[in-house]
Amino acid sequence: MPAANEKALEIVDLEKRYPNGVEALRGVSIAIEPGDFFGLLGPNGAGKSTLIHCATGLAQPTGGEIRVFGHDALSDYGAARIAIGLAPQEINLDMFLTVEETLDFHGGYFGMPKRDRKERTEELLETFSLTEKARQRTIALSGGMKRRLILARALMHRPRLLILDEPTAGVDIELRLELWHYVQKINAEGVTILLTTHYLEEADQLCGRIAFIAGGTIAAQGRSEDLAARYGVANLEDAYLALVGRRELSRSHVEGGVTA
Ligand code: ADP
C-alpha cells in the first residue's frame, strides 16, 4: 500500500554539476501529488531537461534526492523508471521499426508479456488514430503522426507519471489541440503529468500547479494565480516576464499603445 502522503514525484535539494563545471541544478525541490498536472516553466538553459534526465536516470545527480511514487530514483531505479512514461522533446523513433513494433518493443523492454503488449498496442493505435499505419515504418510517418506515436509509446507500459518535455514545440495548431485533448483525458483517468512548455497559455489552461525555474533554482511555485500575485502582475505571462527580467515586454503595455 502506498503511504498516505506519497508523492508522484518528490525532488529534494537536487544538484547537478556536469563534468565541464556547469551547475545546471543548484538545490531544486518540488513535490508533485498523484493526479496533478504540473508545469515546469523556465527559459532555455534553466535546467528543465537536466531535471527530467535526473528523474529518468539519463543523468546522474551530484546531490539531493529523487523519489518516484516512493521509489528512490537511484537505489531503486527499476521500480522508479517503470512508473514513468517519457515523451522526449526530440523525435527519437527508430526509423527501421514499424509503428506497431515501436510499441511492442517498448513494452518488451518494460517486461510486459506478449499478449498484454498486443492488446495494449491495439488500444493505443486506436486511441491515437494510428491503426491504419500499424505496419508502416516510422520513417514514413508525417511529423504529426510521429508526435502521436511518441506519446503512445510513453504510455505503452501504463506509467503512473507521464513526463512531457515540450511535446508541442513546432507542431501545428490542430495537432497541438489534439495532443492536449489526449493528455487531459489521460490526466482525468488518474495519470500524473509533468509538462515543460514554452507556451504559457497552454500551461495556464492545463496545469493545476506550476514551478518557475531559472538558473538551476526554483524561483516560485504554485497555481497560476499565485505566481501572478507573487510578482504583483495580472497573469501568468506577465509573471513569467518578471521571472526572466523582461517586464517591459508585457502585452498590457502594448495594448492601446500602438495607434494607427
Ligand atoms: P533547459 O532544458 O531548461 O533548456 P538544460 O537542462 O538543457 O536547460 O541546461 C541547463 C544548463 O546545463 C545549461 O547551461 C546547459 O548548457 C548545461 N548542460 C546541459 N546539458 C549538459 C551537458 N551534457 N554537459 C554540460 N552542460 C550541460
# chains A, B, ... in the order shown; residues from 1 in each chain; ligands from 1

call {"tool": "closest_atom_pairs", "arguments": {"of": "region 61-104 of chain A", "to": "region 2-20 of chain A", "cutoff": "9 Å", "atoms": "only C-alpha atoms", "output": "Markdown table"}}
result
| residue | atom | partner | partner_atom | distance |
| --- | --- | --- | --- | --- |
| A:Pro61 | CA | A:Lys16 | CA | 4.9 |
| A:Thr62 | CA | A:Lys16 | CA | 4.9 |
| A:Gly63 | CA | A:Glu15 | CA | 4.7 |
| A:Gly64 | CA | A:Leu14 | CA | 4.2 |
| A:Glu65 | CA | A:Val12 | CA | 5.1 |
| A:Ile66 | CA | A:Ile11 | CA | 4.5 |
| A:Arg67 | CA | A:Glu10 | CA | 5.1 |
| A:Val68 | CA | A:Leu9 | CA | 4.7 |
| A:Phe69 | CA | A:Ala8 | CA | 4.5 |
| A:Gly70 | CA | A:Glu6 | CA | 6.1 |

call {"tool": "residues_near_ligand", "arguments": {"ligand": "ligand 1", "cutoff": "7 Å", "atoms": "only C-alpha atoms and all ligand atoms", "output": "ChimeraX atom specification"}}
result
/A:18-20,22-24,42-51,216

call {"tool": "write_last_selection", "arguments": {"atoms": "N, CA and C atoms", "output": "compact mmCIF listing (two decimals), in the first residue's frame"}}
result
# COMPACT_ATOMS: atom_id res chain seq x y z
N TYR A 18 27.69 19.31 -14.20
CA TYR A 18 28.23 18.50 -15.29
C TYR A 18 29.75 18.46 -15.18
N PRO A 19 30.36 17.44 -15.80
CA PRO A 19 31.82 17.32 -15.71
C PRO A 19 32.57 18.59 -16.16
N ASN A 20 31.95 19.37 -17.05
CA ASN A 20 32.63 20.60 -17.51
C ASN A 20 32.48 21.75 -16.50
N VAL A 22 29.59 23.10 -15.33
CA VAL A 22 28.30 23.81 -15.35
C VAL A 22 27.39 23.29 -14.23
N GLU A 23 26.91 24.21 -13.40
CA GLU A 23 25.97 23.82 -12.34
C GLU A 23 24.56 24.02 -12.86
N ALA A 24 24.00 22.95 -13.42
CA ALA A 24 22.69 23.04 -14.07
C ALA A 24 21.55 23.09 -13.06
N GLY A 42 10.45 27.71 -17.67
CA GLY A 42 11.67 28.48 -17.48
C GLY A 42 12.34 28.70 -18.82
N PRO A 43 13.23 29.69 -18.89
CA PRO A 43 13.89 29.98 -20.17
C PRO A 43 14.85 28.86 -20.57
N ASN A 44 15.34 28.91 -21.80
CA ASN A 44 16.32 27.92 -22.24
C ASN A 44 17.54 27.97 -21.32
N GLY A 45 18.06 26.80 -20.99
CA GLY A 45 19.24 26.74 -20.13
C GLY A 45 18.92 26.79 -18.65
N ALA A 46 17.62 26.83 -18.30
CA ALA A 46 17.21 26.94 -16.89
C ALA A 46 17.50 25.68 -16.08
N GLY A 47 17.50 24.52 -16.77
CA GLY A 47 17.74 23.25 -16.06
C GLY A 47 16.60 22.26 -16.17
N LYS A 48 15.60 22.55 -17.02
CA LYS A 48 14.42 21.68 -17.14
C LYS A 48 14.80 20.28 -17.63
N SER A 49 15.55 20.24 -18.73
CA SER A 49 15.91 18.92 -19.28
C SER A 49 16.80 18.17 -18.31
N THR A 50 17.69 18.87 -17.65
CA THR A 50 18.57 18.21 -16.68
C THR A 50 17.74 17.58 -15.58
N LEU A 51 16.73 18.29 -15.11
CA LEU A 51 15.86 17.75 -14.05
C LEU A 51 15.15 16.49 -14.55
N GLY A 216 18.89 27.19 -12.65
CA GLY A 216 19.06 25.98 -11.83
C GLY A 216 18.43 26.04 -10.46

call {"tool": "residues_around", "arguments": {"residues": "Phe37 (chain A)", "least_positions_apart": "2", "cutoff": "12 Å", "atoms": "only C-alpha atoms", "output": "ChimeraX atom specification"}}
result
/A:8-9,31-35,39-40,161-164,180,183-196,202-211,222-223

call {"tool": "write_last_selection", "arguments": {"atoms": "N, CA and C atoms", "output": "short mmCIF file (atom, residue, chain, number, x, y, z; two decimals), in the first residue's frame"}}
result
data_model
loop_
_atom_site.label_atom_id
_atom_site.label_comp_id
_atom_site.auth_asym_id
_atom_site.auth_seq_id
_atom_site.Cartn_x
_atom_site.Cartn_y
_atom_site.Cartn_z
N ALA A 8 3.88 11.64 -6.22
CA ALA A 8 4.17 11.02 -7.51
C ALA A 8 5.65 11.26 -7.84
N LEU A 9 6.08 12.50 -7.64
CA LEU A 9 7.50 12.84 -7.84
C LEU A 9 7.91 13.78 -6.73
N ALA A 31 7.51 18.98 -5.28
CA ALA A 31 6.73 17.81 -4.88
C ALA A 31 5.46 17.80 -5.73
N ILE A 32 5.26 16.72 -6.47
CA ILE A 32 4.09 16.60 -7.35
C ILE A 32 3.16 15.53 -6.77
N GLU A 33 1.95 15.93 -6.49
CA GLU A 33 0.97 15.00 -5.89
C GLU A 33 0.42 14.05 -6.96
N PRO A 34 0.06 12.83 -6.56
CA PRO A 34 -0.59 11.93 -7.52
C PRO A 34 -1.83 12.60 -8.13
N GLY A 35 -1.95 12.51 -9.44
CA GLY A 35 -3.11 13.09 -10.12
C GLY A 35 -2.91 14.54 -10.58
N GLY A 39 3.25 21.93 -14.21
CA GLY A 39 4.03 22.58 -15.27
C GLY A 39 5.38 23.04 -14.75
N LEU A 40 6.42 22.83 -15.56
CA LEU A 40 7.75 23.32 -15.22
C LEU A 40 8.15 24.30 -16.30
N LEU A 161 3.19 8.16 -13.97
CA LEU A 161 3.66 9.54 -14.14
C LEU A 161 4.12 9.72 -15.58
N LEU A 162 3.50 10.66 -16.28
CA LEU A 162 3.86 10.93 -17.67
C LEU A 162 4.64 12.24 -17.73
N ILE A 163 5.85 12.18 -18.28
CA ILE A 163 6.66 13.39 -18.40
C ILE A 163 6.68 13.82 -19.86
N LEU A 164 6.20 15.03 -20.10
CA LEU A 164 6.11 15.56 -21.45
C LEU A 164 7.07 16.75 -21.57
N TRP A 180 -3.39 18.00 -26.61
CA TRP A 180 -3.90 18.44 -25.29
C TRP A 180 -5.17 17.70 -24.89
N VAL A 183 -3.89 14.39 -23.53
CA VAL A 183 -3.24 14.40 -22.20
C VAL A 183 -4.22 14.80 -21.10
N GLN A 184 -5.21 15.62 -21.43
CA GLN A 184 -6.22 15.95 -20.42
C GLN A 184 -7.04 14.71 -20.06
N LYS A 185 -7.32 13.92 -21.09
CA LYS A 185 -8.08 12.68 -20.86
C LYS A 185 -7.26 11.72 -19.99
N ILE A 186 -6.00 11.58 -20.33
CA ILE A 186 -5.11 10.69 -19.57
C ILE A 186 -5.01 11.15 -18.12
N ASN A 187 -4.90 12.46 -17.94
CA ASN A 187 -4.83 13.01 -16.58
C ASN A 187 -6.13 12.75 -15.82
N ALA A 188 -7.25 12.90 -16.52
CA ALA A 188 -8.56 12.66 -15.88
C ALA A 188 -8.68 11.20 -15.47
N GLU A 189 -7.98 10.33 -16.19
CA GLU A 189 -8.01 8.90 -15.85
C GLU A 189 -7.07 8.56 -14.69
N GLY A 190 -6.36 9.57 -14.19
CA GLY A 190 -5.55 9.35 -12.98
C GLY A 190 -4.05 9.42 -13.17
N VAL A 191 -3.58 9.60 -14.42
CA VAL A 191 -2.13 9.66 -14.64
C VAL A 191 -1.62 11.06 -14.26
N THR A 192 -0.57 11.09 -13.47
CA THR A 192 0.05 12.36 -13.08
C THR A 192 0.89 12.86 -14.24
N ILE A 193 0.89 14.18 -14.46
CA ILE A 193 1.62 14.71 -15.61
C ILE A 193 2.59 15.82 -15.20
N LEU A 194 3.81 15.70 -15.71
CA LEU A 194 4.80 16.78 -15.59
C LEU A 194 5.07 17.28 -16.99
N LEU A 195 4.79 18.56 -17.21
CA LEU A 195 4.89 19.15 -18.55
C LEU A 195 5.90 20.29 -18.56
N THR A 196 6.78 20.30 -19.56
CA THR A 196 7.54 21.52 -19.79
C THR A 196 7.06 22.08 -21.12
N GLU A 202 -0.88 27.55 -22.77
CA GLU A 202 -1.08 26.12 -22.58
C GLU A 202 -0.92 25.73 -21.12
N ALA A 203 0.17 26.20 -20.52
CA ALA A 203 0.45 25.88 -19.12
C ALA A 203 -0.67 26.43 -18.24
N ASP A 204 -1.10 27.64 -18.56
CA ASP A 204 -2.15 28.30 -17.78
C ASP A 204 -3.43 27.48 -17.79
N GLN A 205 -3.76 26.98 -18.98
CA GLN A 205 -5.00 26.24 -19.15
C GLN A 205 -4.95 24.83 -18.57
N LEU A 206 -3.80 24.19 -18.74
CA LEU A 206 -3.72 22.77 -18.39
C LEU A 206 -3.23 22.48 -16.98
N CYS A 207 -2.31 23.28 -16.48
CA CYS A 207 -1.60 22.90 -15.26
C CYS A 207 -2.28 23.43 -14.00
N GLY A 208 -2.50 22.54 -13.05
CA GLY A 208 -3.03 22.96 -11.75
C GLY A 208 -1.97 23.70 -10.96
N ARG A 209 -0.74 23.20 -11.04
CA ARG A 209 0.37 23.86 -10.36
C ARG A 209 1.54 24.01 -11.32
N ILE A 210 2.30 25.08 -11.07
CA ILE A 210 3.40 25.42 -11.97
C ILE A 210 4.61 25.82 -11.13
N ALA A 211 5.80 25.38 -11.57
CA ALA A 211 7.03 25.87 -10.94
C ALA A 211 7.81 26.66 -11.98
N GLY A 222 3.38 27.36 -7.53
CA GLY A 222 2.02 27.48 -7.03
C GLY A 222 1.04 27.42 -8.18
N ARG A 223 -0.20 27.84 -7.93
CA ARG A 223 -1.17 27.91 -9.01
C ARG A 223 -0.83 29.12 -9.88
#

call {"tool": "closest_residue", "arguments": {"among": "A:Leu177, A:Ala55, A:Ala220, A:Leu25", "to": "Leu243 (chain A)", "atoms": "only C-alpha atoms"}}
result
A:Ala220

call {"tool": "atom_distance", "arguments": {"atom1": "CA of Val99 (chain A)", "atom2": "CA of Thr56 (chain A)"}}
result
23.8 Å

call {"tool": "atom_distance", "arguments": {"atom1": "CA of Tyr240 (chain A)", "atom2": "CA of Ser252 (chain A)"}}
result
13.7 Å

call {"tool": "closest_residue", "arguments": {"among": "A:Arg147, A:Arg120, A:Ile213, A:Ala234", "to": "Val28 (chain A)", "atoms": "only C-alpha atoms"}}
result
A:Ile213

call {"tool": "atom_distance", "arguments": {"atom1": "CA of Gln89 (chain A)", "atom2": "CA of Leu130 (chain A)"}}
result
20.3 Å
